file structure.txt (compact mmCIF, C-alpha atoms)
# COMPACT_ATOMS: atom_id res chain seq x y z
CA MET A 167 89.41 186.47 101.07
CA LEU A 168 87.21 183.74 99.60
CA THR A 169 85.11 183.05 102.68
CA PRO A 170 81.56 181.71 102.19
CA GLY A 171 78.81 184.04 103.30
CA VAL A 172 81.01 187.15 103.49
CA VAL A 173 80.33 189.98 101.04
CA HIS A 174 83.55 191.25 99.50
CA THR A 175 83.52 194.57 97.65
CA LEU A 176 85.58 194.46 94.45
CA SER A 177 84.68 197.91 93.08
CA ASP A 178 81.98 200.56 93.30
CA ARG A 179 79.82 198.39 91.03
CA VAL A 180 80.77 194.82 91.98
CA ARG A 181 80.51 192.66 95.09
CA ARG A 182 81.26 188.96 95.51
CA LEU A 183 79.82 186.16 97.63
CA VAL A 184 81.31 182.67 97.72
CA ALA A 185 79.02 179.66 97.97
CA PRO A 186 79.82 177.02 100.62
CA ASN A 187 80.56 174.32 98.03
CA PRO A 188 84.36 173.88 98.03
CA GLY A 189 85.82 170.86 96.26
CA PRO A 190 88.31 169.57 93.70
CA MET A 191 86.27 170.98 90.81
CA THR A 192 85.03 174.16 92.50
CA GLY A 193 88.09 175.32 94.43
CA PRO A 194 87.04 177.53 97.37
CA GLY A 195 83.45 177.50 96.07
CA THR A 196 81.37 179.13 93.36
CA ASN A 197 81.68 182.91 93.09
CA THR A 198 78.39 184.79 92.96
CA TYR A 199 78.74 188.38 91.76
CA LEU A 200 76.38 191.25 92.51
CA ILE A 201 76.58 194.05 89.94
CA GLY A 202 75.01 197.40 90.75
CA SER A 203 73.14 198.70 93.79
CA GLY A 204 69.68 199.62 95.00
CA ASN A 205 66.95 198.17 92.80
CA ASN A 206 69.35 197.65 89.89
CA VAL A 207 71.35 194.61 91.00
CA ALA A 208 72.19 191.78 88.64
CA ILE A 209 72.84 188.53 90.50
CA LEU A 210 75.39 186.68 88.37
CA ASP A 211 75.91 182.93 88.85
CA PRO A 212 73.85 182.48 92.03
CA GLY A 213 75.38 179.05 92.49
CA PRO A 214 73.94 175.89 94.05
CA ALA A 215 70.60 175.87 95.84
CA ILE A 216 72.09 176.01 99.32
CA ASP A 217 69.77 177.79 101.76
CA SER A 218 72.49 179.72 103.58
CA HIS A 219 73.95 180.99 100.31
CA ILE A 220 70.55 182.04 98.97
CA GLU A 221 69.86 183.94 102.20
CA ALA A 222 73.26 185.63 102.00
CA ILE A 223 72.48 186.77 98.46
CA VAL A 224 69.06 188.11 99.43
CA ASP A 225 70.52 189.92 102.43
CA ALA A 226 73.32 191.45 100.34
CA CYS A 227 70.71 192.73 97.86
CA ALA A 228 68.43 193.97 100.66
CA GLY A 229 65.74 191.85 99.06
CA LYS A 230 65.90 193.75 95.76
CA ALA A 231 67.36 192.83 92.37
CA SER A 232 66.71 193.45 88.69
CA GLN A 233 67.68 190.08 87.17
CA VAL A 234 69.45 186.79 87.74
CA VAL A 235 72.10 186.02 85.13
CA CYS A 236 73.96 182.74 84.59
CA THR A 237 77.11 181.93 82.65
CA HIS A 238 75.95 178.33 82.10
CA THR A 239 73.81 175.63 83.66
CA HIS A 240 76.19 173.31 85.49
CA PRO A 241 74.88 172.45 88.98
CA ASP A 242 77.45 174.55 90.83
CA HIS A 243 76.41 177.73 88.99
CA SER A 244 72.68 178.01 88.33
CA PRO A 245 70.33 175.99 90.59
CA ALA A 246 69.71 178.94 92.94
CA ALA A 247 68.56 181.05 89.99
CA ALA A 248 64.98 179.80 89.77
CA ILE A 249 64.53 180.13 93.52
CA LEU A 250 65.84 183.70 93.59
CA ALA A 251 63.92 184.73 90.47
CA GLN A 252 60.66 183.61 92.02
CA ARG A 253 61.44 185.03 95.43
CA LEU A 254 62.58 188.43 94.15
CA ASN A 255 60.17 188.50 91.19
CA VAL A 256 62.88 189.11 88.60
CA PRO A 257 63.69 187.47 85.23
CA MET A 258 66.33 184.83 84.61
CA ILE A 259 68.78 185.50 81.78
CA GLY A 260 71.02 182.94 80.12
CA ALA A 261 71.03 180.03 77.70
CA VAL A 262 70.18 176.34 77.87
CA THR A 263 71.66 173.25 76.26
CA ALA A 264 70.75 169.63 75.72
CA ASP A 265 70.51 167.50 78.84
CA ASP A 266 73.75 165.54 79.18
CA ARG A 267 73.07 164.55 82.81
CA HIS A 268 75.36 167.38 83.95
CA GLN A 269 72.89 170.27 83.53
CA ASP A 270 70.60 172.15 85.91
CA LEU A 271 67.20 171.55 84.34
CA THR A 272 65.48 174.03 86.67
CA PHE A 273 67.10 176.90 84.79
CA GLN A 274 64.57 178.01 82.18
CA PRO A 275 65.49 181.59 81.20
CA ASP A 276 62.90 184.27 80.68
CA ILE A 277 65.36 185.95 78.32
CA ASP A 278 67.43 183.80 75.95
CA LEU A 279 70.81 185.30 75.18
CA SER A 280 72.52 185.92 71.88
CA ASP A 281 76.11 186.94 71.34
CA ALA A 282 76.72 190.68 72.00
CA ASP A 283 73.39 191.21 73.80
CA LEU A 284 73.51 193.98 76.38
CA ILE A 285 72.12 193.78 79.91
CA GLU A 286 71.87 197.28 81.35
CA GLY A 287 71.34 198.75 84.78
CA ASP A 288 71.85 202.07 86.53
CA GLY A 289 75.50 202.89 85.85
CA TRP A 290 76.50 199.49 84.47
CA THR A 291 76.32 197.51 81.24
CA LEU A 292 77.05 193.83 80.75
CA CYS A 293 77.89 192.63 77.24
CA ALA A 294 77.16 188.94 76.71
CA ILE A 295 79.98 187.09 74.95
CA ALA A 296 79.16 183.63 73.63
CA THR A 297 82.06 181.42 74.75
CA PRO A 298 81.26 177.77 74.01
CA GLY A 299 83.88 175.22 74.94
CA HIS A 300 83.48 174.20 78.56
CA VAL A 301 79.89 173.61 77.50
CA ASP A 302 78.06 174.92 74.45
CA ASN A 303 75.69 177.26 76.33
CA HIS A 304 78.48 179.13 78.13
CA TYR A 305 78.53 182.95 78.15
CA CYS A 306 80.99 185.39 79.64
CA TYR A 307 79.83 188.90 80.57
CA LEU A 308 81.94 192.00 80.12
CA LEU A 309 81.26 194.86 82.53
CA GLN A 310 81.98 197.58 79.99
CA GLU A 311 82.52 200.40 82.47
CA GLU A 312 85.37 198.54 84.17
CA GLY A 313 86.80 196.15 81.57
CA LEU A 314 86.09 193.28 83.97
CA VAL A 315 84.87 190.04 82.41
CA PHE A 316 82.84 187.58 84.47
CA ALA A 317 84.19 184.33 83.10
CA GLY A 318 82.21 181.56 84.81
CA ASP A 319 84.01 178.32 84.01
CA HIS A 320 85.66 179.70 80.87
CA ILE A 321 88.65 180.74 82.97
CA MET A 322 89.30 179.65 86.55
CA ASN A 323 91.98 180.79 88.95
CA GLY A 324 94.26 178.00 90.07
CA SER A 325 93.18 175.19 87.76
CA THR A 326 92.33 174.41 84.17
CA VAL A 327 88.78 173.92 82.95
CA VAL A 328 87.46 170.42 82.28
CA ILE A 329 86.02 170.06 78.78
CA VAL A 330 83.29 167.40 78.68
CA PRO A 331 82.16 166.18 75.22
CA PRO A 332 79.74 166.25 73.54
CA GLY A 333 78.49 169.53 75.03
CA GLY A 334 82.08 170.63 75.55
CA SER A 335 84.47 171.16 72.65
CA MET A 336 88.22 171.77 72.80
CA GLN A 337 88.18 173.37 69.36
CA ALA A 338 85.44 175.78 70.44
CA TYR A 339 87.13 176.37 73.80
CA ILE A 340 90.43 177.52 72.32
CA ALA A 341 88.60 179.73 69.81
CA SER A 342 86.49 181.22 72.63
CA LEU A 343 89.59 181.97 74.69
CA ARG A 344 91.07 183.89 71.77
CA LYS A 345 87.75 185.64 71.24
CA LEU A 346 88.15 187.47 74.56
CA LEU A 347 91.21 189.22 73.12
CA ASP A 348 88.89 191.04 70.69
CA TYR A 349 87.31 192.90 73.63
CA ASP A 350 88.60 195.69 75.83
CA VAL A 351 89.14 193.42 78.82
CA THR A 352 91.58 194.10 81.61
CA ALA A 353 90.80 191.68 84.45
CA VAL A 354 88.95 188.38 84.83
CA ALA A 355 86.39 187.63 87.54
CA PRO A 356 86.35 183.81 87.45
CA GLY A 357 83.61 181.50 88.61
CA HIS A 358 86.10 179.99 91.07
CA GLY A 359 89.05 181.72 92.72
CA GLU A 360 90.37 185.26 93.02
CA ILE A 361 90.36 188.02 90.42
CA ILE A 362 92.94 187.53 87.65
CA PRO A 363 94.41 190.96 86.86
CA ASP A 364 95.89 190.32 83.38
CA CYS A 365 93.28 188.94 80.99
CA ARG A 366 95.48 188.89 77.90
CA GLY A 367 98.35 187.21 79.71
CA GLU A 368 96.02 184.60 81.22
CA VAL A 369 94.36 183.83 77.88
CA GLU A 370 97.70 183.45 76.11
CA LYS A 371 98.95 181.17 78.91
CA LEU A 372 95.84 178.99 78.73
CA VAL A 373 96.01 178.66 74.94
CA ARG A 374 99.68 177.67 75.16
CA HIS A 375 98.86 175.11 77.85
CA ARG A 376 96.07 173.53 75.80
CA LEU A 377 98.19 173.33 72.65
CA MET A 378 101.08 171.82 74.63
CA ARG A 379 98.68 169.22 76.05
CA GLU A 380 97.41 168.54 72.54
CA HIS A 381 100.99 167.95 71.42
CA LYS A 382 101.38 165.54 74.34
CA VAL A 383 98.23 163.68 73.25
CA MET A 384 99.70 163.18 69.79
CA SER A 385 103.07 162.14 71.25
CA GLY A 386 101.29 159.72 73.55
CA LEU A 387 99.37 158.15 70.67
CA ARG A 388 102.58 157.64 68.73
CA LYS A 389 104.33 156.24 71.80
CA VAL A 390 101.76 153.66 72.88
CA GLY A 391 100.22 152.97 69.49
CA PRO A 392 96.47 152.31 69.21
CA ALA A 393 95.05 152.74 72.70
CA ASN A 394 91.90 153.32 74.70
CA LEU A 395 91.44 156.31 77.00
CA ASP A 396 92.47 154.40 80.13
CA THR A 397 95.84 153.52 78.63
CA LEU A 398 96.45 156.90 77.03
CA VAL A 399 95.58 159.07 80.05
CA VAL A 400 98.43 157.58 82.10
CA VAL A 401 100.92 158.78 79.48
CA VAL A 402 99.35 162.11 78.55
CA TYR A 403 98.58 163.20 82.12
CA ASP A 404 101.60 161.74 83.88
CA ASP A 405 102.03 165.16 85.53
CA VAL A 406 98.56 165.04 87.10
CA ASP A 407 97.47 163.29 90.30
CA PRO A 408 96.10 159.86 89.24
CA ALA A 409 93.09 160.56 91.42
CA LEU A 410 92.08 163.18 88.84
CA HIS A 411 92.58 160.95 85.80
CA GLU A 412 88.86 160.24 85.42
CA TRP A 413 88.30 163.99 84.91
CA ALA A 414 91.45 164.27 82.79
CA LYS A 415 90.09 161.61 80.43
CA LEU A 416 87.21 163.93 79.57
CA SER A 417 89.46 166.78 78.49
CA MET A 418 91.75 164.32 76.71
CA LEU A 419 88.77 163.00 74.78
CA ALA A 420 87.96 166.59 73.80
CA HIS A 421 91.54 166.94 72.50
CA LEU A 422 91.21 163.68 70.55
CA ILE A 423 87.92 164.76 68.97
CA LYS A 424 89.58 168.02 67.89
CA LEU A 425 92.51 166.09 66.42
CA GLN A 426 90.09 163.74 64.67
CA SER A 427 88.27 166.69 63.08
CA GLU A 428 91.63 167.96 61.84
CA GLY A 429 92.60 164.58 60.39
CA SER A 430 95.41 163.84 62.86
CA ALA A 431 93.70 161.07 64.85
CA ALA A 432 91.18 158.32 64.22
CA VAL A 433 89.03 156.09 66.40
CA GLN A 434 87.44 152.68 65.95
CA ARG A 435 85.57 150.90 68.72
CA ASP A 436 86.97 153.26 71.36
CA ILE A 437 90.57 152.66 70.24
CA TRP A 438 92.41 155.79 69.18
CA GLN A 439 95.44 156.05 66.93
CA ALA A 440 97.52 158.73 65.27
CA VAL A 441 97.04 159.43 61.58
CA GLY A 442 99.92 160.41 59.29
CA SER A 443 103.44 161.35 60.33
call {"tool": "encode", "arguments": {"input": "structure.txt", "output": "structure tokens"}}
result
Amino acid sequence: MLTPGVVHTLSDRVRRLVAPNPGPMTGPGTNTYLIGSGNNVAILDPGPAIDSHIEAIVDACAGKASQVVCTHTHPDHSPAAAILAQRLNVPMIGAVTADDRHQDLTFQPDIDLSDADLIEGDGWTLCAIATPGHVDNHYCYLLQEEGLVFAGDHIMNGSTVVIVPPGGSMQAYIASLRKLLDYDVTAVAPGHGEIIPDCRGEVEKLVRHRLMREHKVMSGLRKVGPANLDTLVVVVYDDVDPALHEWAKLSMLAHLIKLQSEGSAAVQRDIWQAVGS
């Protein structure tokens, strides 16, 4: 159950806490994962700086940890990191990106990640996998002993990920999804929602969905002719609640930028049009 403040044991190495920040973009709330036990606990995605959630994390760790690790720096994933790092006297691990007014600027890692870096504890190893797309500083972490990948906002259970340019890139996102298939991954521990048991099946489904949406973007451009985002989103996302169209426009823009880079779309003064047949 995804109940805030309740520690849920997923395996001998992994426990989960859910932050009390439910919403349209966060589902039941942000998942915080605790990997390891004793003094060797990695706190992964500590979530927003909500006092009750921070106390629940500290209590679950018995006041001991070895590091705080973040998948990325959106405000529902990392603001508690600096507080916990100082309180528990442990390093922060992750990556930063340019400030686009959507980032947690309090996250200043003590250890900057590179692709394939290993974070090791007693009986567990996390392999950092650079997965830009949702945002360009996004990392997934593969728990090698279990084949479980902590996916942050790369994969969510129950909804698709919003891609927000310029930090987010649809081209990079699709490539990063496929990248996970190069690893020995079985299940996905998402940043929001329950465990997804079939990583390969989920990745293939998400890639198909994105490419189908891309096809719909092109069809929409051809149908309405030169158009701005407000006009186009009504056609391309006619299967989505209009209340979510402001968010949908962001991912649609990411699709359009991808199509532009491939020579299939062009833009002038915020008016988009299809190129070629």
call {"tool": "closest_atom_pairs", "arguments": {"input": "structure.txt", "of": "region 341-397 of chain A", "to": "region 301-307 of chain A", "cutoff": "10 Å", "atoms": "only C-alpha atoms", "output": "Markdown table"}}
result
| residue | atom | partner | partner_atom | distance |
| --- | --- | --- | --- | --- |
| A:Ser342 | CA | A:Cys306 | CA | 9.8 |
| A:Leu346 | CA | A:Cys306 | CA | 9.0 |
| A:Val354 | CA | A:Cys306 | CA | 10.0 |
| A:Ala355 | CA | A:Tyr307 | CA | 9.7 |
| A:Pro356 | CA | A:Cys306 | CA | 9.6 |
call {"tool": "axis_aligned_box", "arguments": {"input": "structure.txt", "around": "region 201-207 of chain A", "padding_each_side": "3 Å", "output": "JSON"}}
result
{"center_x": 71.8, "center_y": 196.8, "center_z": 92.4, "size_x": 15.6, "size_y": 11.6, "size_z": 11.1}
call {"tool": "closest_atom_pairs", "arguments": {"input": "structure.txt", "of": "region 253-359 of chain A", "to": "region 185-196 of chain A", "cutoff": "7 Å", "atoms": "only C-alpha atoms", "output": "Markdown table"}}
result
| residue | atom | partner | partner_atom | distance |
| --- | --- | --- | --- | --- |
| A:Gly357 | CA | A:Thr196 | CA | 5.8 |
| A:His358 | CA | A:Thr196 | CA | 5.3 |
| A:Gly359 | CA | A:Pro194 | CA | 6.6 |
call {"tool": "residues_near_point", "arguments": {"input": "structure.txt", "point": "(96.4, 154.9, 80.2)", "cutoff": "12 Å", "atoms": "all atoms listed in the file", "output": "ChimeraX atom specification"}}
result
/A:383,386-387,389-404,408,411-412,414-415,418,437-438
call {"tool": "closest_atom_pairs", "arguments": {"input": "structure.txt", "of": "region 313-332 of chain A", "to": "region 265-289 of chain A", "cutoff": "10 Å", "atoms": "all atoms listed in the file", "output": "Markdown table"}}
result
| residue | atom | partner | partner_atom | distance |
| --- | --- | --- | --- | --- |
| A:Val330 | CA | A:His268 | CA | 9.5 |
| A:Pro331 | CA | A:Asp266 | CA | 9.3 |
| A:Pro332 | CA | A:Asp266 | CA | 8.3 |
call {"tool": "closest_residue", "arguments": {"input": "structure.txt", "among": "A:Thr291, A:Thr263, A:Gln426, A:Ser417", "to": "Glu311 (chain A)", "atoms": "only C-alpha atoms"}}
result
A:Thr291
call {"tool": "atom_distance", "arguments": {"input": "structure.txt", "atom1": "CA of Arg179 (chain A)", "atom2": "CA of Gly202 (chain A)"}}
result
4.9 Å
call {"tool": "build_atoms", "arguments": {"input": "structure.txt", "residues": "region 399-410 of chain A", "atoms": "all heavy atoms", "output": "PDB file, in the frame of the given file"}}
result
ATOM      1  N   VAL A 399      95.582 158.014  79.036  1.00  0.00           N
ATOM      2  CA  VAL A 399      95.580 159.070  80.050  1.00  0.00           C
ATOM      3  C   VAL A 399      96.790 158.969  80.966  1.00  0.00           C
ATOM      4  O   VAL A 399      97.314 159.983  81.455  1.00  0.00           O
ATOM      5  CB  VAL A 399      94.270 159.058  80.865  1.00  0.00           C
ATOM      6  CG1 VAL A 399      94.225 157.886  81.842  1.00  0.00           C
ATOM      7  CG2 VAL A 399      94.083 160.378  81.615  1.00  0.00           C
ATOM      8  N   VAL A 400      97.273 157.770  81.222  1.00  0.00           N
ATOM      9  CA  VAL A 400      98.430 157.580  82.100  1.00  0.00           C
ATOM     10  C   VAL A 400      99.672 158.218  81.504  1.00  0.00           C
ATOM     11  O   VAL A 400     100.525 158.755  82.226  1.00  0.00           O
ATOM     12  CB  VAL A 400      98.658 156.074  82.360  1.00  0.00           C
ATOM     13  CG1 VAL A 400      99.892 155.857  83.214  1.00  0.00           C
ATOM     14  CG2 VAL A 400      97.436 155.460  83.033  1.00  0.00           C
ATOM     15  N   VAL A 401      99.769 158.209  80.173  1.00  0.00           N
ATOM     16  CA  VAL A 401     100.920 158.780  79.480  1.00  0.00           C
ATOM     17  C   VAL A 401     100.760 160.289  79.309  1.00  0.00           C
ATOM     18  O   VAL A 401     101.677 161.067  79.576  1.00  0.00           O
ATOM     19  CB  VAL A 401     101.109 158.102  78.107  1.00  0.00           C
ATOM     20  CG1 VAL A 401     102.247 158.750  77.335  1.00  0.00           C
ATOM     21  CG2 VAL A 401     101.350 156.612  78.281  1.00  0.00           C
ATOM     22  N   VAL A 402      99.582 160.705  78.876  1.00  0.00           N
ATOM     23  CA  VAL A 402      99.350 162.110  78.550  1.00  0.00           C
ATOM     24  C   VAL A 402      99.273 162.982  79.795  1.00  0.00           C
ATOM     25  O   VAL A 402      99.704 164.133  79.802  1.00  0.00           O
ATOM     26  CB  VAL A 402      98.068 162.254  77.705  1.00  0.00           C
ATOM     27  CG1 VAL A 402      97.746 163.723  77.449  1.00  0.00           C
ATOM     28  CG2 VAL A 402      98.224 161.515  76.377  1.00  0.00           C
ATOM     29  N   TYR A 403      98.743 162.431  80.880  1.00  0.00           N
ATOM     30  CA  TYR A 403      98.580 163.200  82.120  1.00  0.00           C
ATOM     31  C   TYR A 403      99.448 162.605  83.225  1.00  0.00           C
ATOM     32  O   TYR A 403      99.025 162.500  84.381  1.00  0.00           O
ATOM     33  CB  TYR A 403      97.104 163.221  82.527  1.00  0.00           C
ATOM     34  CG  TYR A 403      96.261 164.124  81.649  1.00  0.00           C
ATOM     35  CD1 TYR A 403      95.721 163.643  80.453  1.00  0.00           C
ATOM     36  CD2 TYR A 403      96.015 165.446  81.982  1.00  0.00           C
ATOM     37  CE1 TYR A 403      94.954 164.463  79.630  1.00  0.00           C
ATOM     38  CE2 TYR A 403      95.254 166.266  81.168  1.00  0.00           C
ATOM     39  CZ  TYR A 403      94.731 165.772  79.997  1.00  0.00           C
ATOM     40  OH  TYR A 403      93.984 166.596  79.179  1.00  0.00           O
ATOM     41  N   ASP A 404     100.690 162.277  82.873  1.00  0.00           N
ATOM     42  CA  ASP A 404     101.600 161.740  83.880  1.00  0.00           C
ATOM     43  C   ASP A 404     102.046 162.795  84.887  1.00  0.00           C
ATOM     44  O   ASP A 404     102.656 162.478  85.909  1.00  0.00           O
ATOM     45  CB  ASP A 404     102.824 161.103  83.218  1.00  0.00           C
ATOM     46  CG  ASP A 404     103.590 162.075  82.329  1.00  0.00           C
ATOM     47  OD1 ASP A 404     103.092 163.192  82.081  1.00  0.00           O
ATOM     48  OD2 ASP A 404     104.695 161.708  81.877  1.00  0.00           O
ATOM     49  N   ASP A 405     101.699 164.069  84.613  1.00  0.00           N
ATOM     50  CA  ASP A 405     102.030 165.160  85.530  1.00  0.00           C
ATOM     51  C   ASP A 405     100.846 165.547  86.406  1.00  0.00           C
ATOM     52  O   ASP A 405     100.897 166.555  87.122  1.00  0.00           O
ATOM     53  CB  ASP A 405     102.505 166.382  84.737  1.00  0.00           C
ATOM     54  CG  ASP A 405     101.488 166.837  83.684  1.00  0.00           C
ATOM     55  OD1 ASP A 405     100.613 166.022  83.298  1.00  0.00           O
ATOM     56  OD2 ASP A 405     101.566 167.991  83.243  1.00  0.00           O
ATOM     57  N   VAL A 406      99.792 164.759  86.357  1.00  0.00           N
ATOM     58  CA  VAL A 406      98.560 165.040  87.100  1.00  0.00           C
ATOM     59  C   VAL A 406      98.313 163.914  88.092  1.00  0.00           C
ATOM     60  O   VAL A 406      98.556 162.736  87.794  1.00  0.00           O
ATOM     61  CB  VAL A 406      97.367 165.195  86.124  1.00  0.00           C
ATOM     62  CG1 VAL A 406      96.046 165.295  86.888  1.00  0.00           C
ATOM     63  CG2 VAL A 406      97.558 166.416  85.236  1.00  0.00           C
ATOM     64  N   ASP A 407      97.820 164.273  89.268  1.00  0.00           N
ATOM     65  CA  ASP A 407      97.470 163.290  90.300  1.00  0.00           C
ATOM     66  C   ASP A 407      96.569 162.211  89.694  1.00  0.00           C
ATOM     67  O   ASP A 407      95.519 162.526  89.125  1.00  0.00           O
ATOM     68  CB  ASP A 407      96.754 164.002  91.447  1.00  0.00           C
ATOM     69  CG  ASP A 407      96.435 163.092  92.617  1.00  0.00           C
ATOM     70  OD1 ASP A 407      96.498 161.849  92.465  1.00  0.00           O
ATOM     71  OD2 ASP A 407      96.095 163.620  93.691  1.00  0.00           O
ATOM     72  N   PRO A 408      96.943 160.934  89.799  1.00  0.00           N
ATOM     73  CA  PRO A 408      96.100 159.860  89.240  1.00  0.00           C
ATOM     74  C   PRO A 408      94.665 159.881  89.746  1.00  0.00           C
ATOM     75  O   PRO A 408      93.758 159.401  89.050  1.00  0.00           O
ATOM     76  CB  PRO A 408      96.829 158.585  89.688  1.00  0.00           C
ATOM     77  CG  PRO A 408      98.264 159.004  89.833  1.00  0.00           C
ATOM     78  CD  PRO A 408      98.209 160.418  90.356  1.00  0.00           C
ATOM     79  N   ALA A 409      94.449 160.462  90.904  1.00  0.00           N
ATOM     80  CA  ALA A 409      93.090 160.560  91.420  1.00  0.00           C
ATOM     81  C   ALA A 409      92.203 161.436  90.537  1.00  0.00           C
ATOM     82  O   ALA A 409      90.965 161.354  90.600  1.00  0.00           O
ATOM     83  CB  ALA A 409      93.105 161.107  92.848  1.00  0.00           C
ATOM     84  N   LEU A 410      92.824 162.283  89.727  1.00  0.00           N
ATOM     85  CA  LEU A 410      92.080 163.180  88.840  1.00  0.00           C
ATOM     86  C   LEU A 410      92.022 162.666  87.404  1.00  0.00           C
ATOM     87  O   LEU A 410      91.510 163.348  86.514  1.00  0.00           O
ATOM     88  CB  LEU A 410      92.720 164.574  88.853  1.00  0.00           C
ATOM     89  CG  LEU A 410      92.741 165.291  90.212  1.00  0.00           C
ATOM     90  CD1 LEU A 410      93.461 166.621  90.100  1.00  0.00           C
ATOM     91  CD2 LEU A 410      91.323 165.500  90.737  1.00  0.00           C
TER      92      LEU A 410
END
